[in-house]
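Asks: Sharing work.cif below, mmCIF, C-alpha atoms (C1' of nucleotides):
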```
data_data
#
loop_
_atom_site.label_atom_id
_atom_site.label_comp_id
_atom_site.auth_asym_id
_atom_site.auth_seq_id
_atom_site.Cartn_x
_atom_site.Cartn_y
_atom_site.Cartn_z
CA MET A 1 -38.11 -15.04 -0.06
CA TYR A 2 -40.12 -12.15 1.32
CA GLN A 3 -40.53 -14.00 4.57
CA LEU A 4 -36.85 -13.68 5.25
CA ILE A 5 -36.72 -9.91 4.93
CA LEU A 6 -39.89 -9.53 6.97
CA SER A 7 -38.46 -11.50 9.83
CA ASN A 8 -35.25 -9.53 9.52
CA VAL A 9 -37.22 -6.30 9.94
CA ALA A 10 -39.24 -7.86 12.76
CA LYS A 11 -36.05 -8.15 14.79
CA HIS A 12 -36.20 -4.41 15.39
CA ILE A 13 -39.71 -3.11 14.67
CA SER A 14 -43.12 -4.77 14.48
CA LEU A 15 -45.45 -4.22 11.57
CA THR A 16 -49.12 -4.75 10.88
CA GLU A 17 -50.03 -6.88 7.90
CA GLU A 18 -50.99 -3.79 5.98
CA GLU A 19 -47.66 -2.16 6.70
CA GLU A 20 -45.84 -5.28 5.61
CA LEU A 21 -47.63 -5.20 2.27
CA PHE A 22 -46.80 -1.56 1.69
CA PHE A 23 -43.17 -2.23 2.56
CA LEU A 24 -42.99 -5.16 0.17
CA SER A 25 -44.55 -3.10 -2.62
CA LEU A 26 -41.52 -0.82 -2.54
CA LEU A 27 -38.97 -3.58 -2.94
CA LYS A 28 -37.29 -4.91 -6.02
CA LEU A 29 -36.11 -8.50 -6.40
CA LYS A 30 -32.98 -9.32 -8.32
CA THR A 31 -30.66 -12.22 -8.89
CA ILE A 32 -27.07 -11.43 -9.59
CA LYS A 33 -24.52 -13.81 -10.98
CA ARG A 34 -21.16 -14.67 -9.52
CA LYS A 35 -18.71 -11.81 -10.14
CA GLU A 36 -21.45 -9.43 -11.21
CA PHE A 37 -21.11 -5.92 -9.75
CA LEU A 38 -23.65 -4.25 -7.54
CA LEU A 39 -21.59 -1.12 -7.04
CA LYS A 40 -18.22 0.12 -8.21
CA GLU A 41 -15.86 2.35 -6.28
CA GLY A 42 -16.52 5.93 -7.34
CA GLY A 43 -20.15 5.20 -8.25
CA VAL A 44 -23.05 6.21 -6.04
CA SER A 45 -24.87 3.69 -3.89
CA ARG A 46 -28.57 4.28 -4.61
CA TYR A 47 -29.98 1.20 -2.92
CA GLN A 48 -29.96 -0.59 0.34
CA THR A 49 -29.60 -4.27 -0.40
CA PHE A 50 -30.80 -7.25 1.58
CA VAL A 51 -29.29 -10.64 0.78
CA ALA A 52 -31.91 -13.41 0.63
CA LYS A 53 -29.54 -16.10 -0.62
CA GLY A 54 -25.89 -16.28 -1.60
CA CYS A 55 -23.14 -13.87 -0.58
CA LEU A 56 -21.84 -10.44 -1.49
CA ARG A 57 -18.49 -8.91 -0.68
CA THR A 58 -17.56 -5.26 -0.09
CA TYR A 59 -13.96 -4.42 -0.89
CA THR A 60 -11.36 -1.87 -1.94
CA ILE A 61 -8.64 -2.17 -4.54
CA ASP A 62 -5.30 -0.69 -3.56
CA ASP A 63 -2.61 0.97 -5.68
CA MET A 64 -1.00 -2.38 -6.35
CA GLY A 65 -4.28 -3.70 -7.69
CA LYS A 66 -4.86 -5.96 -4.71
CA GLU A 67 -8.35 -6.46 -3.37
CA HIS A 68 -9.09 -6.09 0.33
CA ILE A 69 -12.42 -7.36 1.55
CA VAL A 70 -13.97 -5.14 4.19
CA MET A 71 -17.11 -7.15 4.82
CA PHE A 72 -19.17 -10.06 3.61
CA SER A 73 -22.95 -9.99 3.30
CA PRO A 74 -24.24 -13.55 3.42
CA GLU A 75 -27.89 -14.51 3.69
CA ASP A 76 -29.95 -12.34 6.03
CA TRP A 77 -27.42 -9.49 6.00
CA TRP A 78 -27.72 -6.02 4.49
CA SER A 79 -25.21 -4.54 2.11
CA GLY A 80 -24.41 -1.22 0.50
CA ASP A 81 -21.94 1.62 0.92
CA MET A 82 -23.68 3.42 3.79
CA TYR A 83 -21.69 6.57 3.44
CA SER A 84 -22.37 6.90 -0.26
CA PHE A 85 -26.04 6.05 0.17
CA ILE A 86 -26.59 8.74 2.77
CA THR A 87 -24.48 11.50 1.29
CA GLY A 88 -24.95 10.76 -2.40
CA LYS A 89 -21.20 11.01 -2.77
CA PRO A 90 -18.93 8.51 -4.55
CA ALA A 91 -18.55 5.15 -2.87
CA ALA A 92 -15.23 4.09 -1.37
CA TYR A 93 -16.01 0.45 -1.94
CA THR A 94 -16.86 -1.99 -4.68
CA ILE A 95 -19.51 -4.64 -4.15
CA ASP A 96 -19.96 -7.84 -6.13
CA ALA A 97 -21.28 -11.35 -5.73
CA LEU A 98 -19.12 -14.30 -4.68
CA VAL A 99 -21.78 -16.78 -5.76
CA LYS A 100 -25.15 -16.51 -7.48
CA THR A 101 -27.06 -14.28 -5.10
CA ASP A 102 -30.71 -13.33 -4.62
CA ILE A 103 -31.13 -9.82 -3.34
CA ILE A 104 -33.95 -7.50 -2.36
CA GLN A 105 -33.40 -3.80 -2.87
CA ILE A 106 -35.03 -0.57 -1.81
CA SER A 107 -34.15 2.66 -3.58
CA LYS A 108 -33.49 5.91 -1.80
CA ASN A 109 -36.73 7.37 -3.22
CA ASN A 110 -38.81 4.47 -2.04
CA LEU A 111 -37.15 4.63 1.33
CA GLU A 112 -38.35 8.23 1.65
CA LYS A 113 -41.88 7.12 0.82
CA LEU A 114 -41.57 4.39 3.39
CA TYR A 115 -40.45 6.82 6.10
CA GLU A 116 -43.38 9.09 5.29
CA LYS A 117 -45.99 6.40 5.53
CA ILE A 118 -44.44 4.24 8.26
CA PRO A 119 -42.17 6.41 10.38
CA LYS A 120 -40.96 3.56 12.53
CA PHE A 121 -38.86 2.44 9.59
CA GLU A 122 -36.66 5.43 10.34
CA ARG A 123 -35.73 3.62 13.49
CA PHE A 124 -35.02 0.44 11.57
CA PHE A 125 -32.68 2.03 9.09
CA ARG A 126 -31.02 4.13 11.73
CA MET A 127 -30.16 0.87 13.43
CA LEU A 128 -28.77 -0.56 10.21
CA PHE A 129 -26.58 2.49 9.96
CA GLN A 130 -25.43 2.13 13.53
CA ASN A 131 -24.67 -1.52 12.97
CA ALA A 132 -22.50 -0.59 10.04
CA PHE A 133 -20.66 1.75 12.36
CA VAL A 134 -20.06 -1.04 14.86
CA ILE A 135 -18.84 -3.37 12.14
CA TYR A 136 -16.31 -0.74 11.12
CA GLN A 137 -15.20 -0.20 14.69
CA ASN A 138 -14.67 -3.92 15.18
CA ARG A 139 -12.74 -4.14 11.95
CA ILE A 140 -10.40 -1.36 13.05
CA THR A 141 -9.90 -2.79 16.49
CA SER A 142 -9.21 -6.31 15.32
CA ASN A 143 -6.81 -5.17 12.60
CA LEU A 144 -4.87 -3.14 15.13
CA SER A 145 -4.72 -5.58 17.96
CA GLN A 146 -4.93 -9.12 16.63
CA LYS A 147 -2.77 -11.52 14.69
CA ALA A 148 -4.14 -13.31 11.67
CA ASN A 149 -5.11 -16.48 13.56
CA GLU A 150 -7.10 -14.48 16.11
CA ARG A 151 -8.84 -12.56 13.36
CA HIS A 152 -9.68 -15.91 11.83
CA LYS A 153 -11.44 -17.03 15.01
CA GLN A 154 -13.40 -13.82 15.03
CA PHE A 155 -14.32 -14.30 11.39
CA ILE A 156 -15.82 -17.68 12.23
CA LYS A 157 -17.91 -16.15 15.01
CA THR A 158 -19.06 -13.26 12.87
CA TYR A 159 -19.98 -15.37 9.85
CA PRO A 160 -20.95 -18.85 11.09
CA GLY A 161 -20.86 -21.44 8.32
CA LEU A 162 -19.59 -19.02 5.70
CA GLU A 163 -16.14 -20.60 5.64
CA GLN A 164 -17.64 -23.61 3.88
CA LYS A 165 -19.52 -21.64 1.26
CA ILE A 166 -16.92 -19.38 -0.33
CA ALA A 167 -13.44 -19.76 -1.81
CA GLN A 168 -10.80 -19.45 0.84
CA LYS A 169 -8.85 -16.83 -1.05
CA TYR A 170 -11.69 -14.50 -0.10
CA ILE A 171 -11.33 -15.36 3.54
CA ALA A 172 -7.61 -14.70 3.26
CA SER A 173 -8.38 -11.30 1.75
CA PHE A 174 -10.81 -10.53 4.55
CA LEU A 175 -8.23 -11.47 7.16
CA GLY A 176 -5.64 -9.35 5.41
CA VAL A 177 -3.21 -12.15 4.52
CA THR A 178 -2.16 -13.91 1.33
CA PRO A 179 -3.93 -17.10 0.23
CA GLU A 180 -0.65 -18.98 0.73
CA PHE A 181 -0.29 -17.81 4.28
CA TYR A 182 -3.90 -18.53 5.06
CA SER A 183 -3.54 -22.05 3.69
CA ALA A 184 -0.54 -22.67 5.92
CA MET A 185 -2.23 -21.11 8.93
CA LYS A 186 -5.25 -23.39 8.67
CA GLN A 187 -3.19 -26.58 9.12
CA LYS A 188 -3.06 -25.99 12.88
CA MET B 1 -11.65 30.59 22.05
CA TYR B 2 -15.25 30.86 20.93
CA GLN B 3 -14.11 32.30 17.65
CA LEU B 4 -12.51 28.99 16.72
CA ILE B 5 -15.62 26.92 17.19
CA LEU B 6 -17.76 29.49 15.38
CA SER B 7 -15.53 29.42 12.35
CA ASN B 8 -15.51 25.64 12.53
CA VAL B 9 -19.31 25.64 12.37
CA ALA B 10 -19.24 28.26 9.64
CA LYS B 11 -17.47 25.78 7.37
CA HIS B 12 -20.76 23.97 6.96
CA ILE B 13 -23.65 26.25 7.96
CA SER B 14 -24.00 30.02 8.30
CA LEU B 15 -25.48 31.62 11.38
CA THR B 16 -26.89 35.00 12.30
CA GLU B 17 -25.33 36.77 15.24
CA GLU B 18 -28.34 35.89 17.36
CA GLU B 19 -28.04 32.22 16.47
CA GLU B 20 -24.37 32.28 17.31
CA LEU B 21 -25.14 33.64 20.76
CA PHE B 22 -27.75 31.00 21.42
CA PHE B 23 -25.37 28.30 20.28
CA LEU B 24 -22.61 29.59 22.55
CA SER B 25 -24.98 29.74 25.51
CA LEU B 26 -25.35 25.95 25.32
CA LEU B 27 -21.65 25.23 25.46
CA LYS B 28 -19.43 24.37 28.37
CA LEU B 29 -15.74 25.25 28.51
CA LYS B 30 -13.26 22.95 30.17
CA THR B 31 -9.55 22.48 30.47
CA ILE B 32 -8.28 18.98 30.96
CA LYS B 33 -4.84 18.00 32.06
CA ARG B 34 -2.44 15.66 30.36
CA LYS B 35 -3.54 12.04 30.92
CA GLU B 36 -6.94 13.09 32.26
CA PHE B 37 -9.84 11.01 30.94
CA LEU B 38 -12.74 12.37 28.96
CA LEU B 39 -14.35 8.99 28.45
CA LYS B 40 -13.57 5.43 29.43
CA GLU B 41 -14.37 2.34 27.44
CA GLY B 42 -17.69 0.99 28.69
CA GLY B 43 -18.90 4.42 29.81
CA VAL B 44 -21.42 6.44 27.83
CA SER B 45 -20.39 9.38 25.71
CA ARG B 46 -22.76 12.19 26.72
CA TYR B 47 -21.00 15.07 25.00
CA GLN B 48 -19.70 16.12 21.67
CA THR B 49 -16.33 17.70 22.25
CA PHE B 50 -14.58 20.37 20.24
CA VAL B 51 -10.85 20.84 20.79
CA ALA B 52 -9.84 24.50 21.01
CA LYS B 53 -6.24 23.86 21.98
CA GLY B 54 -4.11 20.81 22.71
CA CYS B 55 -4.80 17.26 21.59
CA LEU B 56 -6.97 14.31 22.56
CA ARG B 57 -6.56 10.69 21.60
CA THR B 58 -9.21 8.01 21.09
CA TYR B 59 -7.99 4.48 21.68
CA THR B 60 -8.72 0.89 22.65
CA ILE B 61 -6.88 -1.37 25.04
CA ASP B 62 -6.45 -4.97 23.91
CA ASP B 63 -6.32 -8.21 25.90
CA MET B 64 -2.58 -7.81 26.32
CA GLY B 65 -3.08 -4.38 27.83
CA LYS B 66 -1.66 -2.58 24.81
CA GLU B 67 -3.15 0.69 23.69
CA HIS B 68 -4.11 1.25 20.06
CA ILE B 69 -4.86 4.79 19.03
CA VAL B 70 -7.74 5.04 16.58
CA MET B 71 -7.71 8.79 16.09
CA PHE B 72 -6.25 12.02 17.32
CA SER B 73 -8.26 15.18 17.90
CA PRO B 74 -5.94 18.16 17.71
CA GLU B 75 -7.03 21.79 17.66
CA ASP B 76 -10.11 22.48 15.53
CA TRP B 77 -11.21 18.82 15.52
CA TRP B 78 -14.20 17.22 17.16
CA SER B 79 -14.00 14.21 19.42
CA GLY B 80 -16.27 11.71 21.13
CA ASP B 81 -17.42 8.15 20.65
CA MET B 82 -20.03 8.79 17.97
CA TYR B 83 -21.66 5.43 18.31
CA SER B 84 -22.05 5.70 22.06
CA PHE B 85 -23.27 9.29 21.85
CA ILE B 86 -26.00 8.43 19.37
CA THR B 87 -27.14 5.13 20.80
CA GLY B 88 -26.52 5.80 24.48
CA LYS B 89 -24.75 2.46 24.63
CA PRO B 90 -21.32 1.78 26.16
CA ALA B 91 -18.38 3.28 24.33
CA ALA B 92 -15.86 1.07 22.58
CA TYR B 93 -13.13 3.62 23.06
CA THR B 94 -11.31 5.53 25.74
CA ILE B 95 -10.48 9.20 25.29
CA ASP B 96 -7.87 11.17 27.17
CA ALA B 97 -5.60 14.16 26.71
CA LEU B 98 -2.04 13.91 25.40
CA VAL B 99 -1.24 17.43 26.55
CA LYS B 100 -3.11 20.10 28.49
CA THR B 101 -6.18 20.63 26.36
CA ASP B 102 -8.92 23.25 26.16
CA ILE B 103 -12.23 21.81 25.04
CA ILE B 104 -15.74 23.04 24.37
CA GLN B 105 -18.57 20.60 24.99
CA ILE B 106 -22.22 20.33 24.17
CA SER B 107 -24.38 17.83 26.00
CA LYS B 108 -26.92 15.63 24.31
CA ASN B 109 -29.73 17.56 26.00
CA ASN B 110 -28.46 20.90 24.85
CA LEU B 111 -27.95 19.53 21.40
CA GLU B 112 -31.65 18.67 21.30
CA LYS B 113 -32.51 22.23 22.32
CA LEU B 114 -30.21 23.49 19.62
CA TYR B 115 -31.87 21.36 16.95
CA GLU B 116 -35.25 22.62 18.05
CA LYS B 117 -34.37 26.27 17.88
CA ILE B 118 -31.92 26.18 14.96
CA PRO B 119 -32.72 23.18 12.78
CA LYS B 120 -29.82 23.74 10.44
CA PHE B 121 -27.58 22.44 13.18
CA GLU B 122 -29.00 19.01 12.41
CA ARG B 123 -27.20 19.29 9.14
CA PHE B 124 -24.00 20.29 10.85
CA PHE B 125 -23.94 17.38 13.26
CA ARG B 126 -25.07 14.97 10.61
CA MET B 127 -21.95 15.99 8.72
CA LEU B 128 -19.79 15.45 11.77
CA PHE B 129 -21.19 11.97 12.01
CA GLN B 130 -20.55 11.31 8.35
CA ASN B 131 -17.01 12.57 8.71
CA ALA B 132 -16.46 10.13 11.53
CA PHE B 133 -17.63 7.41 9.17
CA VAL B 134 -15.12 8.46 6.54
CA ILE B 135 -12.33 8.55 9.09
CA TYR B 136 -13.18 4.97 10.03
CA GLN B 137 -13.29 3.87 6.41
CA ASN B 138 -9.88 5.39 5.74
CA ARG B 139 -8.46 3.75 8.80
CA ILE B 140 -9.69 0.33 7.66
CA THR B 141 -8.44 0.78 4.14
CA SER B 142 -5.01 2.00 5.13
CA ASN B 143 -4.54 -0.74 7.72
CA LEU B 144 -5.41 -3.35 5.15
CA SER B 145 -3.44 -2.09 2.21
CA GLN B 146 -0.50 -0.08 3.42
CA LYS B 147 2.82 -0.72 5.08
CA ALA B 148 3.85 1.28 8.14
CA ASN B 149 5.88 3.84 6.18
CA GLU B 150 2.95 4.58 3.86
CA ARG B 151 0.61 4.92 6.80
CA HIS B 152 3.11 7.36 8.25
CA LYS B 153 2.93 9.55 5.16
CA GLN B 154 -0.83 9.51 5.39
CA PHE B 155 -0.64 10.42 9.06
CA ILE B 156 1.38 13.50 8.19
CA LYS B 157 -1.19 14.57 5.62
CA THR B 158 -4.12 13.93 7.95
CA TYR B 159 -2.60 15.74 10.92
CA PRO B 160 -0.24 18.42 9.62
CA GLY B 161 2.17 19.61 12.27
CA LEU B 162 0.98 17.15 14.90
CA GLU B 163 4.13 15.07 14.66
CA GLN B 164 6.03 17.85 16.39
CA LYS B 165 3.56 18.30 19.20
CA ILE B 166 3.12 14.87 20.71
CA ALA B 167 5.37 12.05 21.94
CA GLN B 168 6.29 9.73 19.12
CA LYS B 169 5.24 6.63 20.97
CA TYR B 170 1.70 7.85 20.33
CA ILE B 171 2.37 8.14 16.64
CA ALA B 172 3.77 4.61 16.70
CA SER B 173 0.60 3.43 18.40
CA PHE B 174 -1.52 5.19 15.81
CA LEU B 175 0.45 3.58 12.99
CA GLY B 176 0.14 0.20 14.64
CA VAL B 177 3.85 -0.43 15.23
CA THR B 178 6.14 -0.52 18.26
CA PRO B 179 7.98 2.64 19.34
CA GLU B 180 11.26 0.87 18.52
CA PHE B 181 10.21 0.09 15.00
CA TYR B 182 8.87 3.58 14.48
CA SER B 183 12.14 5.04 15.67
CA ALA B 184 14.08 2.91 13.20
CA MET B 185 11.66 3.65 10.38
CA LYS B 186 12.04 7.40 10.76
CA GLN B 187 15.79 7.36 10.07
CA LYS B 188 15.13 7.16 6.34
"C1'" DC C 1 20.00 18.83 39.52
"C1'" DG C 2 18.13 14.54 39.76
"C1'" DT C 3 14.49 11.54 38.45
"C1'" DC C 4 11.45 9.61 35.43
"C1'" DT C 5 10.02 8.74 30.94
"C1'" DA C 6 10.90 8.61 26.08
"C1'" DT C 7 13.97 7.41 22.43
"C1'" DT C 8 17.60 4.96 20.25
"C1'" DT C 9 20.46 0.96 19.20
"C1'" DG C 10 21.28 -3.81 18.38
"C1'" DA C 11 20.62 -8.83 18.28
"C1'" DA C 12 17.55 -12.59 17.97
"C1'" DT C 13 12.99 -14.03 16.71
"C1'" DG C 14 8.41 -14.28 14.72
"C1'" DT C 15 5.00 -13.24 11.43
"C1'" DA C 16 3.73 -12.74 6.93
"C1'" DC C 17 5.04 -12.09 1.87
"C1'" DT C 18 6.88 -13.33 -2.85
"C1'" DC C 19 7.76 -16.35 -6.35
"C1'" DA C 20 7.56 -20.69 -8.48
"C1'" DA C 21 5.81 -25.03 -9.13
"C1'" DA C 22 2.89 -28.93 -8.19
"C1'" DA C 23 -1.47 -30.81 -6.98
"C1'" DG C 24 -6.49 -30.57 -6.62
"C1'" DC C 25 -11.07 -29.49 -8.23
"C1'" DG C 26 -15.01 -28.09 -11.02
"C1'" DG C 27 -17.19 -27.22 -15.00
"C1'" DT C 28 -17.62 -27.67 -20.16
"C1'" DG C 29 -17.41 -29.57 -24.67
"C1'" DG C 30 -16.69 -33.36 -27.44
"C1'" DC D 1 -18.71 -39.90 -19.39
"C1'" DC D 2 -14.17 -38.53 -19.85
"C1'" DA D 3 -10.54 -35.28 -20.91
"C1'" DC D 4 -9.10 -30.99 -20.70
"C1'" DC D 5 -8.86 -26.23 -19.21
"C1'" DG D 6 -8.75 -22.73 -15.91
"C1'" DC D 7 -8.75 -21.49 -11.41
"C1'" DT D 8 -7.84 -22.52 -6.47
"C1'" DT D 9 -5.13 -24.54 -3.04
"C1'" DT D 10 -0.96 -26.46 -1.34
"C1'" DT D 11 4.03 -26.76 -0.65
"C1'" DG D 12 8.56 -24.98 -0.09
"C1'" DA D 13 12.52 -21.85 -0.24
"C1'" DG D 14 14.11 -17.40 0.36
"C1'" DT D 15 13.13 -12.68 1.93
"C1'" DA D 16 10.99 -8.58 4.08
"C1'" DC D 17 8.64 -6.38 7.66
"C1'" DA D 18 7.88 -5.88 12.35
"C1'" DT D 19 8.40 -7.54 17.28
"C1'" DT D 20 10.68 -8.62 21.70
"C1'" DC D 21 14.02 -7.91 25.03
"C1'" DA D 22 17.79 -5.56 26.99
"C1'" DA D 23 20.67 -1.82 27.62
"C1'" DA D 24 22.41 2.70 26.63
"C1'" DT D 25 21.36 7.52 25.74
"C1'" DA D 26 18.69 11.63 25.59
"C1'" DG D 27 15.06 14.83 27.14
"C1'" DA D 28 11.52 16.86 29.96
"C1'" DC D 29 9.88 18.47 34.13
"C1'" DG D 30 9.42 19.45 38.88
#
```
Can the structure in the file be given as structure tokens, please?
Replies:
Amino acid sequence: MYQLILSNVAKHISLTEEEELFFLSLLKLKTIKRKEFLLKEGGVSRYQTFVAKGCLRTYTIDDMGKEHIVMFSPEDWWSGDMYSFITGKPAAYTIDALVKTDIIQISKNNLEKLYEKIPKFERFFRMLFQNAFVIYQNRITSNLSQKANERHKQFIKTYPGLEQKIAQKYIASFLGVTPEFYSAMKQK
Amino acid sequence: MYQLILSNVAKHISLTEEEELFFLSLLKLKTIKRKEFLLKEGGVSRYQTFVAKGCLRTYTIDDMGKEHIVMFSPEDWWSGDMYSFITGKPAAYTIDALVKTDIIQISKNNLEKLYEKIPKFERFFRMLFQNAFVIYQNRITSNLSQKANERHKQFIKTYPGLEQKIAQKYIASFLGVTPEFYSAMKQK
DNA sequence: CGTCTATTTGAATGTACTCAAAAGCGGTGG
DNA sequence: CCACCGCTTTTGAGTACATTCAAATAGACG
């Protein structure tokens, strides 16, 4: 469980054993059930969340009450409303679990402690933030320039294997089409 | 000209006269012609750009060669590919001028000098970055959940008065529809 | 004033949605 | 272990939103 987050961190910065232990001491493990909320729109995102197992979704609810999934966070991904976390302002998005999910969280306070003791973590979280930015950019670009079937191909590349693990109505929501249309689209 | 950027800064941080002068000494004025490029996709964004007069557009070009406008930067807005500026990596977007445009730029180097001498500017540019994030979030949400006519209403709110100043094919591109459809849509 | 580009108009087409109903699937309780 | 319930997926018909292509009209600028 901890091994996964350590190797995730190791992708960007390298830690001594001592540093690893300090890092782990600041983390909180949690298991959340299917449909349980991690964050609701309008609330404040106080944690950065790493997914060890399972899958989270980040989404908005429009005026008609329809849900629109902005991103998934399967195993080995991070989640959280970056904007809300950084600014302390209300989140634009809601986050919940699509299946029973094991997560590892670090609070904003503990993150400050971490930065103080191991400054290279600033680099790590700056990169997380930048990645979030790229994800948003890609989302905008693909929504503007691609049809649903092309977005579907991109979804498969972005989230390999995820298609098998979650209900397809969620994939439809991510692609921005109705479940009915998605079902029909798949047949080709 | 300088007054505009000073009052823009004053929205977030307050400066002494001396600080204002130092800030201004780091800036570079420029006028760019209609259709002139400020940044091309794949290049690196080395400046943050403030628009004193005129209007810039930030856009992508898809596989079919079609342009999709992600944001406008009219008078009193900032422009630049935030991601590229921060990371030094290639920009995802192209930026050019829709009309003759007066801009004020600060280079990455000068920005570092500014931070060193007047640390509160870190706060200012952090807020610019956060605003860019919000703009992206809104763009994603409205693309996912709104029809073209609703996005049009939102466009008018976001950019008051801009509709009169630029060719409507650009507005169509921003809304994600063809010029023909936009033309028809307006008639109501 | 003429040229070039932008806008409008219209017809045919494509992409995606709504609504309704049937079929499939998974978990739970008896 | 089976039957049932609730939710998801499929299917189909009818409709709405948006695109393409072509041609006519209007506007802007040198």
Asks: Wanna dump the chain B-chain A contacts at 10 Å for me, each residue with its shortest atom pair and the distance in Å to one decimal, counting all atoms listed in the file, ordered by chain and number, as JSON lines?
Replies:
```
{"residue": "B:Tyr59", "atom": "CA", "partner": "A:Thr141", "partner_atom": "CA", "distance": 9.1}
{"residue": "B:Thr60", "atom": "CA", "partner": "A:Thr141", "partner_atom": "CA", "distance": 7.3}
{"residue": "B:Ile61", "atom": "CA", "partner": "A:Ser145", "partner_atom": "CA", "distance": 8.5}
{"residue": "B:Asp62", "atom": "CA", "partner": "A:Ser145", "partner_atom": "CA", "distance": 6.2}
{"residue": "B:Asp63", "atom": "CA", "partner": "A:Ser145", "partner_atom": "CA", "distance": 8.5}
{"residue": "B:Met64", "atom": "CA", "partner": "A:Ser145", "partner_atom": "CA", "distance": 8.9}
{"residue": "B:Lys66", "atom": "CA", "partner": "A:Ser145", "partner_atom": "CA", "distance": 8.1}
{"residue": "B:Glu67", "atom": "CA", "partner": "A:Ser145", "partner_atom": "CA", "distance": 8.6}
{"residue": "B:His68", "atom": "CA", "partner": "A:Leu144", "partner_atom": "CA", "distance": 6.6}
{"residue": "B:Ile69", "atom": "CA", "partner": "A:Leu144", "partner_atom": "CA", "distance": 8.8}
{"residue": "B:Val70", "atom": "CA", "partner": "A:Ile140", "partner_atom": "CA", "distance": 7.8}
{"residue": "B:Met82", "atom": "CA", "partner": "A:Phe133", "partner_atom": "CA", "distance": 9.0}
{"residue": "B:Tyr83", "atom": "CA", "partner": "A:Gln130", "partner_atom": "CA", "distance": 6.9}
{"residue": "B:Ser84", "atom": "CA", "partner": "A:Gln130", "partner_atom": "CA", "distance": 9.8}
{"residue": "B:Ile86", "atom": "CA", "partner": "A:Gln130", "partner_atom": "CA", "distance": 8.6}
{"residue": "B:Thr87", "atom": "CA", "partner": "A:Gln130", "partner_atom": "CA", "distance": 8.0}
{"residue": "B:Ala92", "atom": "CA", "partner": "A:Gln137", "partner_atom": "CA", "distance": 8.0}
{"residue": "B:Tyr93", "atom": "CA", "partner": "A:Gln137", "partner_atom": "CA", "distance": 9.4}
{"residue": "B:Arg126", "atom": "CA", "partner": "A:Thr87", "partner_atom": "CA", "distance": 10.0}
{"residue": "B:Met127", "atom": "CA", "partner": "A:Thr87", "partner_atom": "CA", "distance": 9.0}
{"residue": "B:Gln130", "atom": "CA", "partner": "A:Tyr83", "partner_atom": "CA", "distance": 6.9}
{"residue": "B:Asn131", "atom": "CA", "partner": "A:Tyr83", "partner_atom": "CA", "distance": 9.3}
{"residue": "B:Ala132", "atom": "CA", "partner": "A:Phe133", "partner_atom": "CA", "distance": 9.4}
{"residue": "B:Phe133", "atom": "CA", "partner": "A:Tyr83", "partner_atom": "CA", "distance": 7.1}
{"residue": "B:Val134", "atom": "CA", "partner": "A:Tyr83", "partner_atom": "CA", "distance": 7.5}
{"residue": "B:Tyr136", "atom": "CA", "partner": "A:Tyr136", "partner_atom": "CA", "distance": 6.6}
{"residue": "B:Gln137", "atom": "CA", "partner": "A:Tyr136", "partner_atom": "CA", "distance": 7.2}
{"residue": "B:Asn138", "atom": "CA", "partner": "A:Ala92", "partner_atom": "CA", "distance": 9.0}
{"residue": "B:Arg139", "atom": "CA", "partner": "A:Ile140", "partner_atom": "CA", "distance": 6.9}
{"residue": "B:Ile140", "atom": "CA", "partner": "A:Ile140", "partner_atom": "CA", "distance": 5.7}
{"residue": "B:Thr141", "atom": "CA", "partner": "A:Thr60", "partner_atom": "CA", "distance": 7.2}
{"residue": "B:Ser142", "atom": "CA", "partner": "A:Asp62", "partner_atom": "CA", "distance": 9.1}
{"residue": "B:Asn143", "atom": "CA", "partner": "A:Asn143", "partner_atom": "CA", "distance": 7.0}
{"residue": "B:Leu144", "atom": "CA", "partner": "A:Gly176", "partner_atom": "CA", "distance": 6.0}
{"residue": "B:Ser145", "atom": "CA", "partner": "A:Asp62", "partner_atom": "CA", "distance": 6.2}
{"residue": "B:Gln146", "atom": "CA", "partner": "A:Asp62", "partner_atom": "CA", "distance": 8.5}
{"residue": "B:Ser173", "atom": "CA", "partner": "A:Leu144", "partner_atom": "CA", "distance": 9.2}
{"residue": "B:Phe174", "atom": "CA", "partner": "A:Leu144", "partner_atom": "CA", "distance": 9.0}
{"residue": "B:Leu175", "atom": "CA", "partner": "A:Leu144", "partner_atom": "CA", "distance": 8.8}
{"residue": "B:Gly176", "atom": "CA", "partner": "A:Leu144", "partner_atom": "CA", "distance": 6.0}
{"residue": "B:Val177", "atom": "CA", "partner": "A:Leu144", "partner_atom": "CA", "distance": 9.1}
```
Asks: Would you list the residues near (-3.4, -28.2, -4.6), meaning any protein, DNA or RNA residue with an atom at most 7 Å from that point in file coordinates, counting only C-alpha atoms (C1' of nucleotides), as a PyMOL selection string?
Replies: (chain C and resi 23-24) or (chain D and resi 9-10)
Asks: May I have the residues within 9 Å of Phe124 (chain A) as JSON, numbers by chain, using all atoms listed in the file and disregarding those fewer than 6 positions away in the same chain?
Replies: {"A": [9, 12, 13]}
Asks: Compute the set of chain A residues within 12 Å of chain D, using all atoms listed in the file, and express it as a compact mmCIF listing (two decimals) with C-alpha atoms, in the frame of the given file.
Replies:
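Result file is out_35.txt:
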```txt
# COMPACT_ATOMS: atom_id res chain seq x y z
CA ILE A 166 -16.92 -19.38 -0.33
CA ALA A 167 -13.44 -19.76 -1.81
CA GLN A 168 -10.80 -19.45 0.84
CA LYS A 169 -8.85 -16.83 -1.05
CA TYR A 170 -11.69 -14.50 -0.10
CA ALA A 172 -7.61 -14.70 3.26
CA THR A 178 -2.16 -13.91 1.33
CA PRO A 179 -3.93 -17.10 0.23
CA GLU A 180 -0.65 -18.98 0.73
CA PHE A 181 -0.29 -17.81 4.28
CA TYR A 182 -3.90 -18.53 5.06
CA SER A 183 -3.54 -22.05 3.69
CA ALA A 184 -0.54 -22.67 5.92
CA MET A 185 -2.23 -21.11 8.93
CA LYS A 186 -5.25 -23.39 8.67
CA GLN A 187 -3.19 -26.58 9.12
```
